[in-house]
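Data file: input-v9.txt. Format and content: compact mmCIF, C-alpha atoms and all ligand atoms.
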```txt
# COMPACT_ATOMS: atom_id res chain seq x y z
CA MET A 1 -47.22 -15.98 72.60
CA SER A 2 -45.59 -18.35 75.12
CA THR A 3 -42.51 -17.29 77.12
CA LEU A 4 -40.42 -19.65 75.01
CA GLU A 5 -41.67 -18.04 71.81
CA THR A 6 -41.05 -14.55 73.24
CA ILE A 7 -37.44 -15.40 74.07
CA LEU A 8 -36.91 -17.07 70.69
CA LYS A 9 -38.39 -14.09 68.83
CA TYR A 10 -36.04 -11.77 70.72
CA PHE A 11 -33.04 -13.96 69.85
CA LEU A 12 -34.05 -14.09 66.19
CA GLN A 13 -34.16 -10.29 66.14
CA ASN A 14 -30.75 -10.10 67.83
CA LYS A 15 -28.76 -12.82 66.06
CA ASN A 16 -24.98 -12.96 66.20
CA HIS A 17 -24.28 -10.73 69.15
CA TRP A 18 -23.95 -11.21 72.89
CA LEU A 19 -26.99 -10.45 75.04
CA SER A 20 -26.53 -10.25 78.78
CA GLY A 21 -28.90 -12.24 80.99
CA GLU A 22 -29.67 -9.04 82.83
CA ASP A 23 -30.70 -7.20 79.65
CA LEU A 24 -32.80 -10.14 78.50
CA SER A 25 -34.54 -10.31 81.84
CA ARG A 26 -35.25 -6.56 81.85
CA GLU A 27 -36.34 -6.32 78.19
CA LEU A 28 -38.62 -9.33 78.31
CA LYS A 29 -39.77 -8.88 81.90
CA ILE A 30 -38.89 -12.51 82.69
CA SER A 31 -36.84 -13.68 85.69
CA ARG A 32 -33.21 -14.78 85.16
CA ALA A 33 -34.15 -18.28 86.37
CA ALA A 34 -36.99 -18.50 83.81
CA ILE A 35 -34.64 -17.35 81.06
CA ASN A 36 -32.12 -20.06 81.97
CA LYS A 37 -34.83 -22.70 81.95
CA HIS A 38 -36.15 -21.66 78.54
CA ILE A 39 -32.70 -21.42 77.02
CA SER A 40 -32.14 -25.07 77.98
CA LYS A 41 -35.41 -25.91 76.24
CA LEU A 42 -34.35 -24.05 73.10
CA ARG A 43 -31.04 -25.92 73.07
CA GLU A 44 -32.93 -29.22 73.38
CA LYS A 45 -34.95 -28.22 70.31
CA GLY A 46 -31.70 -27.81 68.37
CA PHE A 47 -30.99 -24.08 68.59
CA GLU A 48 -27.36 -23.18 68.96
CA ILE A 49 -27.09 -20.79 71.92
CA ASN A 50 -23.67 -20.18 73.43
CA SER A 51 -23.16 -18.71 76.89
CA ALA A 52 -20.13 -17.24 78.67
CA PRO A 53 -19.62 -15.69 82.09
CA ARG A 54 -19.95 -11.88 82.06
CA LYS A 55 -20.94 -11.91 78.37
CA GLY A 56 -24.32 -13.60 78.49
CA TYR A 57 -25.90 -15.48 75.60
CA TYR A 58 -25.05 -15.65 71.93
CA PHE A 59 -27.64 -16.92 69.47
CA ALA A 60 -25.59 -18.27 66.59
CA ASP A 61 -26.96 -17.66 63.12
CA SER A 62 -28.83 -20.93 62.86
CA SER A 63 -29.88 -20.06 59.34
CA ASP A 64 -29.11 -23.57 58.17
CA SER A 65 -30.91 -25.42 60.94
CA LEU A 66 -34.08 -26.95 59.58
CA LEU A 67 -36.22 -25.83 62.52
CA PRO A 68 -39.82 -24.63 62.10
CA GLU A 69 -39.15 -21.33 63.89
CA ILE A 70 -36.10 -20.59 61.71
CA ILE A 71 -38.00 -21.46 58.53
CA GLN A 72 -40.97 -19.31 59.52
CA ASP A 73 -38.81 -16.37 60.61
CA GLY A 74 -39.47 -13.69 57.98
CA LEU A 75 -41.07 -16.21 55.57
CA LYS A 76 -42.94 -14.09 53.03
CA THR A 77 -45.77 -16.44 52.11
CA GLN A 78 -49.47 -16.43 52.95
CA ILE A 79 -50.07 -20.18 52.90
CA LEU A 80 -47.03 -22.35 52.28
CA GLY A 81 -45.05 -23.11 55.44
CA GLN A 82 -47.26 -20.83 57.52
CA LYS A 83 -49.14 -23.57 59.34
CA GLN A 84 -47.73 -26.86 60.50
CA ILE A 85 -44.05 -27.64 59.84
CA LEU A 86 -42.96 -31.11 60.85
CA VAL A 87 -39.22 -31.73 61.02
CA PHE A 88 -37.68 -35.19 61.35
CA LYS A 89 -34.07 -36.19 61.84
CA GLU A 90 -34.98 -39.39 60.04
CA THR A 91 -38.18 -40.76 58.55
CA ASP A 92 -39.23 -43.23 55.89
CA SER A 93 -40.20 -40.64 53.26
CA THR A 94 -41.55 -37.12 53.64
CA ASN A 95 -44.13 -37.94 50.94
CA ILE A 96 -45.43 -40.85 53.00
CA GLN A 97 -45.61 -38.68 56.13
CA ALA A 98 -47.26 -35.79 54.25
CA LYS A 99 -49.88 -38.13 52.76
CA MET A 100 -50.69 -39.45 56.23
CA LEU A 101 -51.15 -35.89 57.47
CA ALA A 102 -53.23 -34.95 54.42
CA VAL A 103 -55.60 -37.85 55.07
CA GLN A 104 -55.98 -36.53 58.63
CA ASN A 105 -57.07 -33.17 57.15
CA ALA A 106 -53.79 -31.28 57.54
CA GLU A 107 -54.12 -27.80 56.14
CA GLU A 108 -52.87 -26.69 52.77
CA GLY A 109 -49.29 -25.46 53.06
CA THR A 110 -48.27 -28.03 55.69
CA LEU A 111 -44.60 -28.86 55.30
CA VAL A 112 -42.73 -32.06 56.19
CA ILE A 113 -38.93 -31.93 56.20
CA THR A 114 -36.29 -34.46 57.09
CA GLU A 115 -32.53 -34.77 57.26
CA GLN A 116 -32.58 -38.43 56.28
CA GLN A 117 -35.04 -40.77 54.54
CA THR A 118 -34.85 -44.52 54.92
CA THR A 119 -37.07 -45.08 51.87
CA GLY A 120 -36.73 -41.81 49.96
CA ARG A 121 -38.53 -42.39 46.68
CA GLY A 122 -38.29 -41.02 43.18
CA ARG A 123 -40.61 -41.38 40.21
CA ARG A 124 -41.27 -44.87 38.91
CA GLY A 125 -40.33 -46.46 42.24
CA ARG A 126 -36.70 -45.35 42.14
CA PHE A 127 -34.64 -44.70 45.27
CA TRP A 128 -33.76 -41.09 46.12
CA HIS A 129 -30.30 -40.51 47.60
CA SER A 130 -29.83 -37.69 50.13
CA VAL A 131 -27.11 -36.68 52.58
CA PRO A 132 -28.02 -35.40 56.09
CA GLY A 133 -27.04 -31.78 56.64
CA LYS A 134 -26.39 -31.24 52.93
CA SER A 135 -29.56 -32.16 51.03
CA LEU A 136 -32.99 -30.67 51.22
CA SER A 137 -35.75 -33.30 51.31
CA PHE A 138 -39.26 -32.09 51.95
CA SER A 139 -42.92 -32.36 50.97
CA VAL A 140 -45.68 -29.75 50.82
CA ILE A 141 -49.40 -30.47 51.02
CA LEU A 142 -51.49 -28.60 48.43
CA ARG A 143 -55.25 -28.62 47.99
CA PRO A 144 -55.67 -27.04 44.55
CA GLU A 145 -59.02 -26.04 43.15
CA LEU A 146 -58.42 -27.72 39.81
CA SER A 147 -59.87 -30.76 38.14
CA PRO A 148 -57.81 -33.97 38.52
CA ALA A 149 -57.11 -33.90 34.77
CA MET A 150 -55.08 -30.75 35.29
CA ALA A 151 -52.79 -32.30 37.92
CA PRO A 152 -49.82 -32.60 35.50
CA GLN A 153 -49.88 -28.80 35.21
CA ILE A 154 -49.09 -28.59 38.91
CA THR A 155 -46.09 -30.86 38.54
CA LEU A 156 -44.75 -28.72 35.71
CA MET A 157 -45.52 -25.56 37.69
CA ILE A 158 -43.44 -26.89 40.62
CA ALA A 159 -40.53 -27.56 38.27
CA VAL A 160 -40.79 -23.99 36.97
CA ALA A 161 -40.88 -22.57 40.51
CA LEU A 162 -37.86 -24.59 41.59
CA THR A 163 -35.87 -23.75 38.46
CA GLU A 164 -36.61 -20.04 38.69
CA THR A 165 -35.67 -20.00 42.39
CA LEU A 166 -32.39 -21.79 41.81
CA ILE A 167 -31.41 -19.71 38.78
CA GLU A 168 -32.18 -16.53 40.70
CA GLN A 169 -30.12 -17.65 43.70
CA THR A 170 -27.18 -19.26 41.88
CA ALA A 171 -27.16 -18.11 38.22
CA LEU A 172 -26.39 -21.73 37.27
CA PRO A 173 -27.51 -23.06 33.85
CA ILE A 174 -30.34 -25.24 35.13
CA GLU A 175 -32.57 -27.08 32.67
CA ILE A 176 -35.81 -28.97 33.18
CA LYS A 177 -35.90 -32.50 31.86
CA TRP A 178 -39.49 -33.56 31.30
CA PRO A 179 -41.48 -33.88 33.35
CA ASN A 180 -39.71 -32.49 36.37
CA ASP A 181 -36.04 -33.34 36.76
CA LEU A 182 -33.69 -30.39 37.16
CA LEU A 183 -30.34 -30.90 35.48
CA ILE A 184 -27.06 -29.04 35.17
CA HIS A 185 -24.91 -30.13 32.21
CA GLY A 186 -26.93 -33.34 32.06
CA ARG A 187 -26.44 -34.24 35.75
CA LYS A 188 -29.37 -34.30 38.15
CA LEU A 189 -29.66 -31.52 40.70
CA ALA A 190 -33.21 -32.01 41.92
CA GLY A 191 -36.23 -34.23 41.52
CA ILE A 192 -39.92 -33.78 42.20
CA LEU A 193 -42.38 -36.51 43.09
CA THR A 194 -46.02 -35.43 43.13
CA GLU A 195 -48.64 -37.76 44.51
CA ILE A 196 -52.32 -37.06 44.34
CA SER A 197 -55.59 -38.17 45.86
CA THR A 198 -58.73 -37.33 43.93
CA GLU A 199 -62.50 -37.44 44.10
CA MET A 200 -64.54 -37.82 40.88
CA ASP A 201 -64.10 -34.23 39.78
CA SER A 202 -61.87 -32.59 42.35
CA ILE A 203 -58.43 -32.96 43.89
CA ASP A 204 -58.56 -33.94 47.55
CA TYR A 205 -54.87 -33.30 48.14
CA LEU A 206 -51.61 -33.23 46.28
CA VAL A 207 -48.28 -33.90 47.95
CA ALA A 208 -45.30 -32.30 46.25
CA GLY A 209 -42.08 -34.01 47.35
CA ILE A 210 -38.86 -32.25 46.49
CA GLY A 211 -35.32 -33.54 46.75
CA LEU A 212 -32.58 -30.99 46.16
CA ASN A 213 -28.84 -31.59 46.23
CA ILE A 214 -27.53 -28.46 47.88
CA ASN A 215 -24.18 -28.82 49.64
CA LEU A 216 -23.12 -32.32 48.55
CA LEU A 217 -19.42 -32.60 47.71
CA GLU A 218 -18.06 -34.99 45.07
CA GLU A 219 -17.07 -37.40 47.89
CA ASP A 220 -20.66 -37.47 49.22
CA VAL A 221 -21.88 -38.97 45.95
CA PRO A 222 -21.66 -42.78 45.81
CA GLU A 223 -19.46 -44.09 42.96
CA PRO A 224 -22.26 -45.41 40.69
CA LEU A 225 -24.02 -42.01 40.83
CA LYS A 226 -20.98 -39.77 40.24
CA GLN A 227 -21.71 -39.13 36.57
CA ILE A 228 -25.44 -38.92 37.20
CA ILE A 229 -25.99 -36.47 40.03
CA THR A 230 -24.60 -33.07 40.96
CA SER A 231 -25.21 -30.37 43.58
CA LEU A 232 -25.18 -26.60 43.87
CA GLN A 233 -21.93 -26.86 45.86
CA ILE A 234 -20.26 -29.07 43.24
CA GLU A 235 -21.25 -26.71 40.43
CA LYS A 236 -20.67 -23.39 42.15
CA LYS A 237 -17.86 -24.33 44.57
CA MET A 238 -19.59 -22.61 47.45
CA THR A 239 -21.99 -23.47 50.26
CA PHE A 240 -25.63 -22.44 50.19
CA SER A 241 -28.06 -21.98 53.06
CA ARG A 242 -30.68 -24.72 52.86
CA VAL A 243 -33.15 -22.68 54.89
CA ASN A 244 -32.83 -19.60 52.69
CA MET A 245 -33.19 -21.73 49.58
CA LEU A 246 -36.31 -23.39 51.01
CA LYS A 247 -37.83 -20.04 51.96
CA SER A 248 -37.16 -18.51 48.52
CA PHE A 249 -38.64 -21.58 46.88
CA LEU A 250 -41.81 -21.47 49.00
CA VAL A 251 -42.37 -17.83 48.02
CA THR A 252 -41.96 -18.57 44.30
CA LEU A 253 -44.00 -21.76 44.50
CA GLU A 254 -46.86 -19.91 46.15
CA LYS A 255 -46.76 -17.18 43.49
CA TYR A 256 -47.07 -19.66 40.60
CA TYR A 257 -49.51 -21.89 42.47
CA LEU A 258 -51.94 -18.99 42.96
CA GLU A 259 -51.36 -17.84 39.37
CA LEU A 260 -52.14 -21.32 38.04
CA GLN A 261 -55.48 -21.38 39.83
CA SER A 262 -56.50 -17.82 39.00
CA GLN A 263 -55.06 -17.28 35.53
CA GLY A 264 -54.46 -20.72 34.11
CA PHE A 265 -51.46 -22.50 32.66
CA GLU A 266 -50.42 -20.26 29.77
CA ASN A 267 -47.62 -18.26 31.37
CA ILE A 268 -46.34 -21.24 33.36
CA SER A 269 -46.31 -23.37 30.24
CA ALA A 270 -44.26 -20.68 28.43
CA LEU A 271 -41.79 -20.57 31.34
CA TRP A 272 -41.58 -24.36 31.40
CA LYS A 273 -40.76 -24.39 27.67
CA LYS A 274 -38.13 -21.69 28.18
CA HIS A 275 -36.36 -23.74 30.83
CA SER A 276 -36.85 -27.13 29.22
CA ASN A 277 -34.46 -28.73 26.78
CA ILE A 278 -37.04 -30.77 24.95
CA ILE A 279 -39.20 -28.80 22.53
CA GLY A 280 -38.22 -29.56 18.93
CA LYS A 281 -35.84 -32.35 19.96
CA HIS A 282 -35.82 -35.91 18.65
CA VAL A 283 -36.53 -38.28 21.51
CA SER A 284 -37.32 -41.82 22.42
CA VAL A 285 -39.76 -42.44 25.24
CA SER A 286 -40.12 -45.61 27.21
CA LEU A 287 -43.66 -46.01 28.36
CA HIS A 288 -44.88 -48.87 30.50
CA LYS A 289 -45.57 -51.22 27.60
CA GLN A 290 -44.07 -49.59 24.52
CA GLU A 291 -41.23 -47.50 23.14
CA LEU A 292 -42.08 -44.42 21.08
CA SER A 293 -39.83 -42.13 19.12
CA GLY A 294 -40.32 -38.86 17.30
CA THR A 295 -40.05 -35.11 17.72
CA ILE A 296 -41.46 -33.17 20.65
CA ASP A 297 -43.85 -30.61 19.21
CA ASP A 298 -45.14 -28.89 22.32
CA ILE A 299 -46.62 -29.36 25.75
CA ASP A 300 -50.37 -29.24 25.87
CA LEU A 301 -52.51 -27.19 28.20
CA ASP A 302 -53.18 -30.27 30.34
CA GLY A 303 -49.42 -30.63 30.90
CA SER A 304 -48.94 -33.60 28.58
CA LEU A 305 -46.12 -33.75 26.02
CA LEU A 306 -47.05 -33.90 22.34
CA LEU A 307 -44.79 -36.22 20.40
CA LYS A 308 -45.02 -36.40 16.60
CA ASP A 309 -43.87 -39.78 15.29
CA HIS A 310 -42.33 -40.38 11.82
CA SER A 311 -45.77 -40.84 10.26
CA GLY A 312 -46.91 -37.47 11.60
CA LYS A 313 -49.19 -38.99 14.22
CA ILE A 314 -49.34 -37.02 17.48
CA HIS A 315 -49.02 -38.99 20.71
CA ARG A 316 -49.95 -37.47 24.04
CA ILE A 317 -47.50 -38.44 26.77
CA PHE A 318 -48.41 -38.14 30.43
CA SER A 319 -45.56 -40.09 31.99
CA GLY A 320 -42.53 -42.07 30.98
CA ASP A 321 -38.78 -41.78 30.61
CA ILE A 322 -37.44 -39.63 27.81
CA GLN A 323 -34.06 -39.81 26.10
CA ILE A 324 -33.04 -37.12 23.68
CA THR A 325 -31.60 -38.80 20.58
CA ASP A 326 -29.24 -36.87 18.34
CA SER A 327 -30.64 -37.87 15.00
CA PRO A 328 -34.26 -37.85 13.89
CA ALA A 329 -36.00 -40.92 15.28
CA HIS A 330 -37.19 -43.48 12.74
C1 LIG D 401 -37.37 -38.14 41.10
O1 LIG D 401 -36.31 -37.63 40.74
O2 LIG D 401 -37.80 -39.15 40.54
C2 LIG D 401 -38.12 -37.53 42.24
C3 LIG D 401 -37.32 -37.47 43.50
C4 LIG D 401 -38.10 -36.89 44.66
C5 LIG D 401 -37.38 -37.01 45.98
C6 LIG D 401 -38.12 -36.31 47.08
S1 LIG D 401 -37.16 -36.16 48.54
C7 LIG D 401 -38.54 -35.64 49.44
C8 LIG D 401 -39.72 -36.46 48.96
N1 LIG D 401 -39.81 -37.70 49.67
C9 LIG D 401 -39.59 -38.76 48.90
O3 LIG D 401 -39.60 -39.94 49.27
N2 LIG D 401 -39.37 -38.34 47.63
C10 LIG D 401 -39.44 -36.91 47.52
```

Could you spell out this file's structure in structure tokens?
Ligand code: BTN
Amino acid sequence: MSTLETILKYFLQNKNHWLSGEDLSRELKISRAAINKHISKLREKGFEINSAPRKGYYFADSSDSLLPEIIQDGLKTQILGQKQILVFKETDSTNIQAKMLAVQNAEEGTLVITEQQTTGRGRRGRFWHSVPGKSLSFSVILRPELSPAMAPQITLMIAVALTETLIEQTALPIEIKWPNDLLIHGRKLAGILTEISTEMDSIDYLVAGIGLNINLLEEDVPEPLKQIITSLQIEKKMTFSRVNMLKSFLVTLEKYYLELQSQGFENISALWKKHSNIIGKHVSVSLHKQELSGTIDDIDLDGSLLLKDHSGKIHRIFSGDIQITDSPAH
């Protein structure tokens, strides 16, 4: 462990109280001058460390700073977030950056996070709106041992993991809109964009990009989106720690990710159905070239939706935009 890491580890274990330079120097067996030098380096990295004569140093609870060391501090995963974590103040899109890393053989579990995206993207080429300091925008590289045909299961599994995390942390009535939008009272809280690179019969990598509206206030939401998007803060009237939310999500995601590969889709599919608002509903679906309507019967084991049209014919839907219609579709 480098001297910098040693000092940081000590601060993380002694958050929110004053530590005298003398004590630090004695405990860590590092000279006062070296401590000063390394504290400047930590501040440059973005850590909030106050100092005062006769009191020493105070490491503020940086729990909401998106810094690799803060994210990894006490992170209870084996894979996700345990290797490389790349943090940007601004980038084009964390999915683009993660795909570039994946091509360069970045390990499974590599995380890319940013405060701001210049070309944040949603499904079907849509723009993704985020607010620095208040949103969580990140991508995780996965290398699942599943056949490419099963990739939709992973997308649904991620939606389950995110929903379960958020319900556990906030008790809000969050619903999944197929395939992977998270809604509260019909307004969008989070979106997931999975992108995949495959060989003939295996997945090379999958990038799971997640955008989550955490501490956005009503005034942070541009006028045209006011009826469309929401945030945890808007719904719950309180602030949430982005880092804690990210850490909880990574733990849950890893649990379901390992379960999917070892035990299959059955339990995850049941959880998805429990959280989704779609089974048994009348819907219309806009696909690339056609509009379909009917009743959603089920999701299949490959992650596709099964839509029964008015003639009883079952259509398998892998992607598209779904609207729930009140009356039976004709
Ligand atoms: C959707 O709702 O259609 C999906 C939105 C996904 C947004 C996230 S933010 C982090 C990652 N980077 C992107 O450019 N998109 C995803």

(message) Could you check the closest approach to ligand LIG 401 (chain D) for each of A:Thr155, A:Gln290, A:Ser130, A:Gln13 and tell me which residue wins, using all atoms listed in the file?
(response)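 Once distances to ligand LIG 401 (chain D) are computed over all atoms listed in the file, the minimum belongs to A:Ser130.
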
(message) Taking all atoms listed in the file into account, which residues have an atom no farther than 8 Å from ligand LIG 401 (chain D)? I'd like them as a count of residues only.
(response) 33

Could you please give me, as a PDB file with C-alpha atoms, keeping the file's coordinate frame, the residues of protein, DNA or RNA lying at most 7 Å from (-50.8, -35.8, 46.2) in the coordinate frame of the file, considering only C-alpha atoms?
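Result went into part-v3.pdb, see below:
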```pdb
ATOM      1  CA  THR A 194     -46.020 -35.430  43.130  1.00  0.00           C
ATOM      2  CA  GLU A 195     -48.640 -37.760  44.510  1.00  0.00           C
ATOM      3  CA  ILE A 196     -52.320 -37.060  44.340  1.00  0.00           C
ATOM      4  CA  SER A 197     -55.590 -38.170  45.860  1.00  0.00           C
ATOM      5  CA  TYR A 205     -54.870 -33.300  48.140  1.00  0.00           C
ATOM      6  CA  LEU A 206     -51.610 -33.230  46.280  1.00  0.00           C
ATOM      7  CA  VAL A 207     -48.280 -33.900  47.950  1.00  0.00           C
ATOM      8  CA  ALA A 208     -45.300 -32.300  46.250  1.00  0.00           C
TER       9      ALA A 208
END
```

(message) Report, in Å with one decimal, the straight-line distance from CA of Asp201 (chain A) to CA of Met150 (chain A).
(response)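 Atom-to-atom, CA of Asp201 (chain A) to CA of Met150 (chain A), that is 10.7 Å.
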
(request) May I ask which of the residues A:Leu189, A:Leu28, A:Lys255, A:Ser20 is the closest one to Thr230 (chain A), counting all atoms listed in the file? (result)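 Of the candidates, the smallest distance to Thr230 (chain A) is held by A:Leu189.
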
(request) Compare A:Lys134, A:Arg187, A:Lys289, A:Lys89 by their minimum atom-to-atom distance to Gln116 (chain A), counting all atoms listed in the file, and give me the closest one. (result)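 The answer is A:Lys89, which sits nearest to Gln116 (chain A).
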
Would you mind listing what lies within 12 Å of Phe47 (chain A) as an mmCIF file with C-alpha atoms, in the coordinates of the input, with only C-alpha atoms counted and same-chain residues fewer than 5 positions away left out?
```
data_model
loop_
_atom_site.group_PDB
_atom_site.id
_atom_site.type_symbol
_atom_site.label_atom_id
_atom_site.label_comp_id
_atom_site.auth_asym_id
_atom_site.auth_seq_id
_atom_site.Cartn_x
_atom_site.Cartn_y
_atom_site.Cartn_z
ATOM 1 C CA LEU A 8 -36.910 -17.070 70.690
ATOM 2 C CA PHE A 11 -33.040 -13.960 69.850
ATOM 3 C CA LEU A 12 -34.050 -14.090 66.190
ATOM 4 C CA LYS A 15 -28.760 -12.820 66.060
ATOM 5 C CA HIS A 38 -36.150 -21.660 78.540
ATOM 6 C CA ILE A 39 -32.700 -21.420 77.020
ATOM 7 C CA SER A 40 -32.140 -25.070 77.980
ATOM 8 C CA LYS A 41 -35.410 -25.910 76.240
ATOM 9 C CA LEU A 42 -34.350 -24.050 73.100
ATOM 10 C CA TYR A 58 -25.050 -15.650 71.930
ATOM 11 C CA PHE A 59 -27.640 -16.920 69.470
ATOM 12 C CA ALA A 60 -25.590 -18.270 66.590
ATOM 13 C CA ASP A 61 -26.960 -17.660 63.120
ATOM 14 C CA SER A 62 -28.830 -20.930 62.860
ATOM 15 C CA SER A 63 -29.880 -20.060 59.340
ATOM 16 C CA ASP A 64 -29.110 -23.570 58.170
ATOM 17 C CA SER A 65 -30.910 -25.420 60.940
ATOM 18 C CA LEU A 66 -34.080 -26.950 59.580
ATOM 19 C CA LEU A 67 -36.220 -25.830 62.520
ATOM 20 C CA PRO A 68 -39.820 -24.630 62.100
ATOM 21 C CA GLU A 69 -39.150 -21.330 63.890
ATOM 22 C CA ILE A 70 -36.100 -20.590 61.710
#
```

(message) Report, in Å with one decimal, the straight-line distance from CA of Gly186 (chain A) to CA of His310 (chain A).
(response)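 Result for CA of Gly186 (chain A) versus CA of His310 (chain A): 26.4 Å, one decimal.
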
(request) Tell me, in Å to one decimal, how far CA of Asp298 (chain A) is from CA of Gln227 (chain A). (result)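 If I compute the distance from CA of Asp298 (chain A) to CA of Gln227 (chain A), I get 29.3 Å.
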
(request) Choose the residue, out of A:Asn213, A:Ser231, A:Thr118, A:Ser319, that has the smallest atom-to-atom separation from Pro179 (chain A); count only C-alpha atoms. (result)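 Looking at the shortest contact to Pro179 (chain A), the residue is A:Ser319.
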
(request) Pick out the closest residue to Glu168 (chain A) from this set: A:Ile314, A:Met1, A:Phe249, A:Glu223. Count only C-alpha atoms. (result)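 That would be A:Phe249, the residue with the smallest distance to Glu168 (chain A).
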
(message) Just checking: using only C-alpha atoms, which residue out of A:Val160, A:Lys247, A:Leu217, A:Ser147 ends up closest to Glu199 (chain A)?
(response)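 So, comparing all the options, the nearest one is A:Ser147.
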